[in-house]
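run.txt, holding compact mmCIF, N, CA and C atoms:
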```txt
# COMPACT_ATOMS: atom_id res chain seq x y z
N MET E 1 6.52 39.25 -7.34
CA MET E 1 5.68 39.17 -8.51
C MET E 1 6.48 38.70 -9.71
N GLN E 2 7.70 39.20 -9.83
CA GLN E 2 8.51 38.82 -10.98
C GLN E 2 8.88 37.34 -10.94
N ALA E 3 9.01 36.77 -9.75
CA ALA E 3 9.34 35.35 -9.65
C ALA E 3 8.27 34.49 -10.31
N GLN E 4 7.01 34.90 -10.20
CA GLN E 4 5.94 34.15 -10.86
C GLN E 4 6.10 34.19 -12.37
N GLY E 5 6.47 35.34 -12.90
CA GLY E 5 6.66 35.47 -14.35
C GLY E 5 7.78 34.60 -14.85
N ILE E 6 8.78 34.37 -14.03
CA ILE E 6 9.90 33.52 -14.42
C ILE E 6 9.54 32.05 -14.32
N SER E 7 8.83 31.65 -13.27
CA SER E 7 8.54 30.24 -13.06
C SER E 7 7.47 29.71 -14.02
N ALA E 8 6.55 30.55 -14.43
CA ALA E 8 5.48 30.07 -15.31
C ALA E 8 6.02 29.52 -16.63
N PRO E 9 6.92 30.22 -17.33
CA PRO E 9 7.46 29.64 -18.57
C PRO E 9 8.25 28.36 -18.31
N LEU E 10 8.96 28.29 -17.18
CA LEU E 10 9.72 27.09 -16.87
C LEU E 10 8.79 25.90 -16.64
N GLU E 11 7.69 26.14 -15.94
CA GLU E 11 6.70 25.08 -15.71
C GLU E 11 6.08 24.64 -17.03
N GLU E 12 5.82 25.60 -17.90
CA GLU E 12 5.25 25.28 -19.21
C GLU E 12 6.25 24.46 -20.04
N ASP E 13 7.53 24.82 -19.96
CA ASP E 13 8.56 24.05 -20.67
C ASP E 13 8.59 22.62 -20.16
N ASP E 14 8.50 22.45 -18.84
CA ASP E 14 8.48 21.10 -18.26
C ASP E 14 7.31 20.29 -18.80
N LEU E 15 6.16 20.93 -18.91
CA LEU E 15 4.97 20.23 -19.42
C LEU E 15 5.16 19.81 -20.88
N TYR E 16 5.75 20.67 -21.67
CA TYR E 16 6.02 20.31 -23.06
C TYR E 16 7.05 19.19 -23.15
N GLU E 17 8.09 19.24 -22.32
CA GLU E 17 9.09 18.17 -22.32
C GLU E 17 8.44 16.84 -21.96
N GLN E 18 7.59 16.84 -20.95
CA GLN E 18 6.90 15.62 -20.55
C GLN E 18 6.01 15.10 -21.67
N ALA E 19 5.27 16.00 -22.30
CA ALA E 19 4.36 15.60 -23.38
C ALA E 19 5.12 15.03 -24.57
N VAL E 20 6.22 15.67 -24.94
CA VAL E 20 7.02 15.20 -26.07
C VAL E 20 7.61 13.83 -25.76
N LEU E 21 8.20 13.68 -24.57
CA LEU E 21 8.80 12.40 -24.22
C LEU E 21 7.76 11.29 -24.16
N ARG E 22 6.61 11.57 -23.56
CA ARG E 22 5.53 10.57 -23.52
C ARG E 22 5.11 10.16 -24.92
N ARG E 23 4.96 11.12 -25.81
CA ARG E 23 4.51 10.83 -27.18
C ARG E 23 5.53 10.01 -27.94
N VAL E 24 6.81 10.35 -27.81
CA VAL E 24 7.86 9.61 -28.50
C VAL E 24 7.94 8.18 -27.97
N LEU E 25 7.84 8.01 -26.67
CA LEU E 25 7.89 6.66 -26.10
C LEU E 25 6.66 5.85 -26.49
N ALA E 26 5.50 6.48 -26.53
CA ALA E 26 4.27 5.78 -26.89
C ALA E 26 4.29 5.32 -28.34
N ALA E 27 5.01 6.03 -29.17
CA ALA E 27 5.05 5.70 -30.60
C ALA E 27 6.00 4.55 -30.91
N GLN E 28 6.81 4.16 -29.95
CA GLN E 28 7.78 3.07 -30.17
C GLN E 28 7.11 1.86 -30.81
N PRO E 29 7.63 1.22 -31.80
CA PRO E 29 8.93 1.44 -32.43
C PRO E 29 8.89 2.41 -33.61
N THR E 30 7.78 3.09 -33.80
CA THR E 30 7.68 4.07 -34.88
C THR E 30 8.54 5.29 -34.57
N VAL E 31 9.26 5.75 -35.56
CA VAL E 31 10.08 6.95 -35.40
C VAL E 31 9.23 8.15 -35.84
N LEU E 32 9.12 9.12 -34.95
CA LEU E 32 8.35 10.32 -35.26
C LEU E 32 9.26 11.40 -35.85
N ARG E 33 8.66 12.23 -36.70
CA ARG E 33 9.37 13.39 -37.22
C ARG E 33 9.01 14.60 -36.35
N LEU E 34 9.86 15.58 -36.38
CA LEU E 34 9.60 16.79 -35.60
C LEU E 34 8.26 17.40 -35.98
N CYS E 35 7.93 17.41 -37.26
CA CYS E 35 6.64 17.99 -37.70
C CYS E 35 5.46 17.20 -37.13
N ASP E 36 5.61 15.88 -36.93
CA ASP E 36 4.56 15.08 -36.31
C ASP E 36 4.34 15.53 -34.87
N LEU E 37 5.43 15.72 -34.15
CA LEU E 37 5.34 16.15 -32.75
C LEU E 37 4.71 17.53 -32.65
N ILE E 38 5.09 18.44 -33.53
CA ILE E 38 4.52 19.78 -33.51
C ILE E 38 3.02 19.71 -33.76
N ARG E 39 2.61 18.90 -34.72
CA ARG E 39 1.19 18.77 -35.03
C ARG E 39 0.42 18.15 -33.86
N GLU E 40 1.00 17.15 -33.20
CA GLU E 40 0.29 16.43 -32.15
C GLU E 40 0.37 17.10 -30.78
N VAL E 41 1.48 17.75 -30.49
CA VAL E 41 1.67 18.32 -29.15
C VAL E 41 1.33 19.81 -29.12
N GLY E 42 1.66 20.52 -30.16
CA GLY E 42 1.31 21.95 -30.18
C GLY E 42 2.43 22.85 -30.61
N CYS E 43 2.48 24.00 -30.03
CA CYS E 43 3.37 25.12 -30.32
C CYS E 43 4.76 24.72 -30.83
N ARG E 44 5.08 25.16 -32.04
CA ARG E 44 6.36 24.82 -32.67
C ARG E 44 7.56 25.17 -31.79
N ASP E 45 7.62 26.40 -31.30
CA ASP E 45 8.77 26.82 -30.50
C ASP E 45 8.93 25.98 -29.25
N ALA E 46 7.82 25.71 -28.58
CA ALA E 46 7.87 24.94 -27.33
C ALA E 46 8.30 23.50 -27.60
N VAL E 47 7.82 22.90 -28.67
CA VAL E 47 8.19 21.52 -29.01
C VAL E 47 9.67 21.46 -29.41
N GLU E 48 10.12 22.40 -30.21
CA GLU E 48 11.54 22.41 -30.60
C GLU E 48 12.43 22.59 -29.39
N ARG E 49 12.02 23.47 -28.46
CA ARG E 49 12.79 23.68 -27.23
C ARG E 49 12.79 22.42 -26.38
N ALA E 50 11.64 21.75 -26.28
CA ALA E 50 11.54 20.52 -25.50
C ALA E 50 12.44 19.43 -26.08
N VAL E 51 12.40 19.27 -27.39
CA VAL E 51 13.25 18.26 -28.03
C VAL E 51 14.72 18.58 -27.77
N ARG E 52 15.10 19.84 -27.93
CA ARG E 52 16.49 20.25 -27.70
C ARG E 52 16.93 19.93 -26.27
N GLU E 53 16.08 20.24 -25.29
CA GLU E 53 16.43 19.98 -23.89
C GLU E 53 16.48 18.49 -23.58
N LEU E 54 15.56 17.71 -24.16
CA LEU E 54 15.55 16.26 -23.94
C LEU E 54 16.76 15.59 -24.61
N VAL E 55 17.21 16.14 -25.72
CA VAL E 55 18.44 15.64 -26.35
C VAL E 55 19.63 15.92 -25.43
N LYS E 56 19.69 17.15 -24.89
CA LYS E 56 20.78 17.50 -23.96
C LYS E 56 20.78 16.60 -22.74
N ALA E 57 19.59 16.20 -22.28
CA ALA E 57 19.47 15.36 -21.09
C ALA E 57 19.74 13.89 -21.38
N GLY E 58 19.89 13.54 -22.66
CA GLY E 58 20.18 12.16 -23.02
C GLY E 58 18.95 11.27 -23.11
N LEU E 59 17.77 11.87 -23.24
CA LEU E 59 16.54 11.08 -23.30
C LEU E 59 16.00 10.94 -24.72
N LEU E 60 16.38 11.84 -25.61
CA LEU E 60 15.99 11.74 -27.01
C LEU E 60 17.21 11.84 -27.90
N HIS E 61 17.07 11.29 -29.08
CA HIS E 61 18.10 11.40 -30.11
C HIS E 61 17.41 12.01 -31.32
N ARG E 62 18.07 12.95 -31.96
CA ARG E 62 17.51 13.57 -33.15
C ARG E 62 18.47 13.40 -34.31
N GLN E 63 17.93 12.86 -35.39
CA GLN E 63 18.70 12.67 -36.62
C GLN E 63 17.93 13.40 -37.72
N GLY E 64 18.34 14.61 -38.04
CA GLY E 64 17.59 15.41 -39.01
C GLY E 64 16.22 15.74 -38.44
N GLU E 65 15.18 15.33 -39.14
CA GLU E 65 13.81 15.57 -38.68
C GLU E 65 13.28 14.44 -37.80
N CYS E 66 13.99 13.34 -37.73
CA CYS E 66 13.53 12.18 -36.95
C CYS E 66 13.90 12.33 -35.49
N VAL E 67 12.95 11.99 -34.62
CA VAL E 67 13.14 12.07 -33.17
C VAL E 67 12.81 10.70 -32.59
N LEU E 68 13.75 10.14 -31.83
CA LEU E 68 13.51 8.84 -31.22
C LEU E 68 14.11 8.80 -29.82
N PRO E 69 13.58 7.93 -28.98
CA PRO E 69 14.08 7.87 -27.61
C PRO E 69 15.44 7.16 -27.56
N THR E 70 16.24 7.54 -26.59
CA THR E 70 17.50 6.85 -26.37
C THR E 70 17.21 5.54 -25.63
N PRO E 71 18.16 4.62 -25.63
CA PRO E 71 17.97 3.39 -24.86
C PRO E 71 17.68 3.67 -23.38
N ALA E 72 18.29 4.70 -22.82
CA ALA E 72 18.05 5.04 -21.41
C ALA E 72 16.59 5.42 -21.17
N ALA E 73 16.01 6.19 -22.08
CA ALA E 73 14.61 6.60 -21.94
C ALA E 73 13.69 5.39 -22.03
N VAL E 74 13.98 4.49 -22.95
CA VAL E 74 13.16 3.29 -23.10
C VAL E 74 13.29 2.41 -21.86
N TYR E 75 14.49 2.30 -21.33
CA TYR E 75 14.75 1.46 -20.16
C TYR E 75 13.95 1.91 -18.95
N VAL E 76 13.91 3.22 -18.70
CA VAL E 76 13.22 3.71 -17.51
C VAL E 76 11.73 4.01 -17.76
N GLN E 77 11.27 3.75 -18.95
CA GLN E 77 9.90 4.09 -19.32
C GLN E 77 8.87 3.53 -18.34
N GLY E 78 9.03 2.32 -17.88
CA GLY E 78 8.04 1.71 -17.00
C GLY E 78 8.21 2.03 -15.53
N TRP E 79 9.26 2.71 -15.18
CA TRP E 79 9.50 3.03 -13.78
C TRP E 79 8.50 4.08 -13.30
N GLU E 80 8.05 3.92 -12.08
CA GLU E 80 7.22 4.96 -11.46
C GLU E 80 8.11 5.80 -10.59
N LEU E 81 8.37 7.00 -11.04
CA LEU E 81 9.29 7.89 -10.32
C LEU E 81 8.53 8.92 -9.52
```

This entry written out as structure tokens:
Amino acid sequence: MQAQGISAPLEEDDLYEQAVLRRVLAAQPTVLRLCDLIREVGCRDAVERAVRELVKAGLLHRQGECVLPTPAAVYVQGWEL
């Protein structure tokens, strides 16, 4: 039972990461601010966590409040994985 409680937040984090990355890539070449992503995607904590994890993974770059995709994220954007 406890395993379900652990996996649910992780699955939710994955969904937020996917939504944030999709939104940032769709906005290209416009640079989005973190507050834009929070307003468009939802929950502040989840969006901030998603941005932080995507930065660690090398898919987003954050400069202050601005969030933009890295060249690697743009390059693989059209790939069907």

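For the set E:Ile38, E:Cys43, E:Leu32, E:Ala50, the residue with the smallest atom-to-atom gap to Leu68 (chain E) is E:Leu32, counting only N, CA and C atoms.
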
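Here CA of Lys56 (chain E) and atom C of Ala26 (chain E) stand 21.0 Å from one another.
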
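Straight-line separation from atom C of Pro71 (chain E) to CA of Leu21 (chain E): 12.5 Å.
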
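With only C-alpha atoms as the atoms that count, the residue of E:Glu17, E:Arg33, E:Arg39, E:Gln28 with the shortest distance to Thr70 (chain E) is E:Gln28.
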
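The smallest atom-to-atom distance between Asp13 (chain E) and any of E:Leu37, E:Ala27, E:Ala46, E:Ala57, using all atoms listed in the file, is found for E:Ala46.
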
- Item | Picked from region 4-51 of chain E by DSSP as alpha helix (DSSP H), as a VMD selection string | chain E and resid 4 to 26 34 to 41 44 to 51

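Nearest residue to Asp36 (chain E), choosing from E:Ala19, E:Glu11, E:Leu54, E:Cys66 and counting only C-alpha atoms: E:Cys66.
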
- With distances taken over only C-alpha atoms, the candidate from E:Leu25, E:Leu15, E:Leu10, E:Val31 nearest Val76 (chain E) is E:Leu25

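In this structure, CA of Gln77 (chain E) sits 24.0 Å away from CA of Gly64 (chain E).
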
Would you give the centre and edge lengths, in Å to one decimal, of a box along x, y and z around the listed atoms of region 30-44 of chain E, with 8 Å added to each side, as JSON?
```
{"center_x": 5.2, "center_y": 14.1, "center_z": -33.4, "size_x": 25.8, "size_y": 38.1, "size_z": 24.6}
```

- Query: Can you list every residue in chain E that DSSP puts in strand (DSSP E or B), as a PyMOL selection string?
  - Reply: chain E and resi 32-33+60-63+66-69

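Using only N, CA and C atoms for every distance, the candidate list E:Ala72, E:Leu60, E:Val55, E:Val67 yields E:Val67 as the residue closest to Cys35 (chain E).
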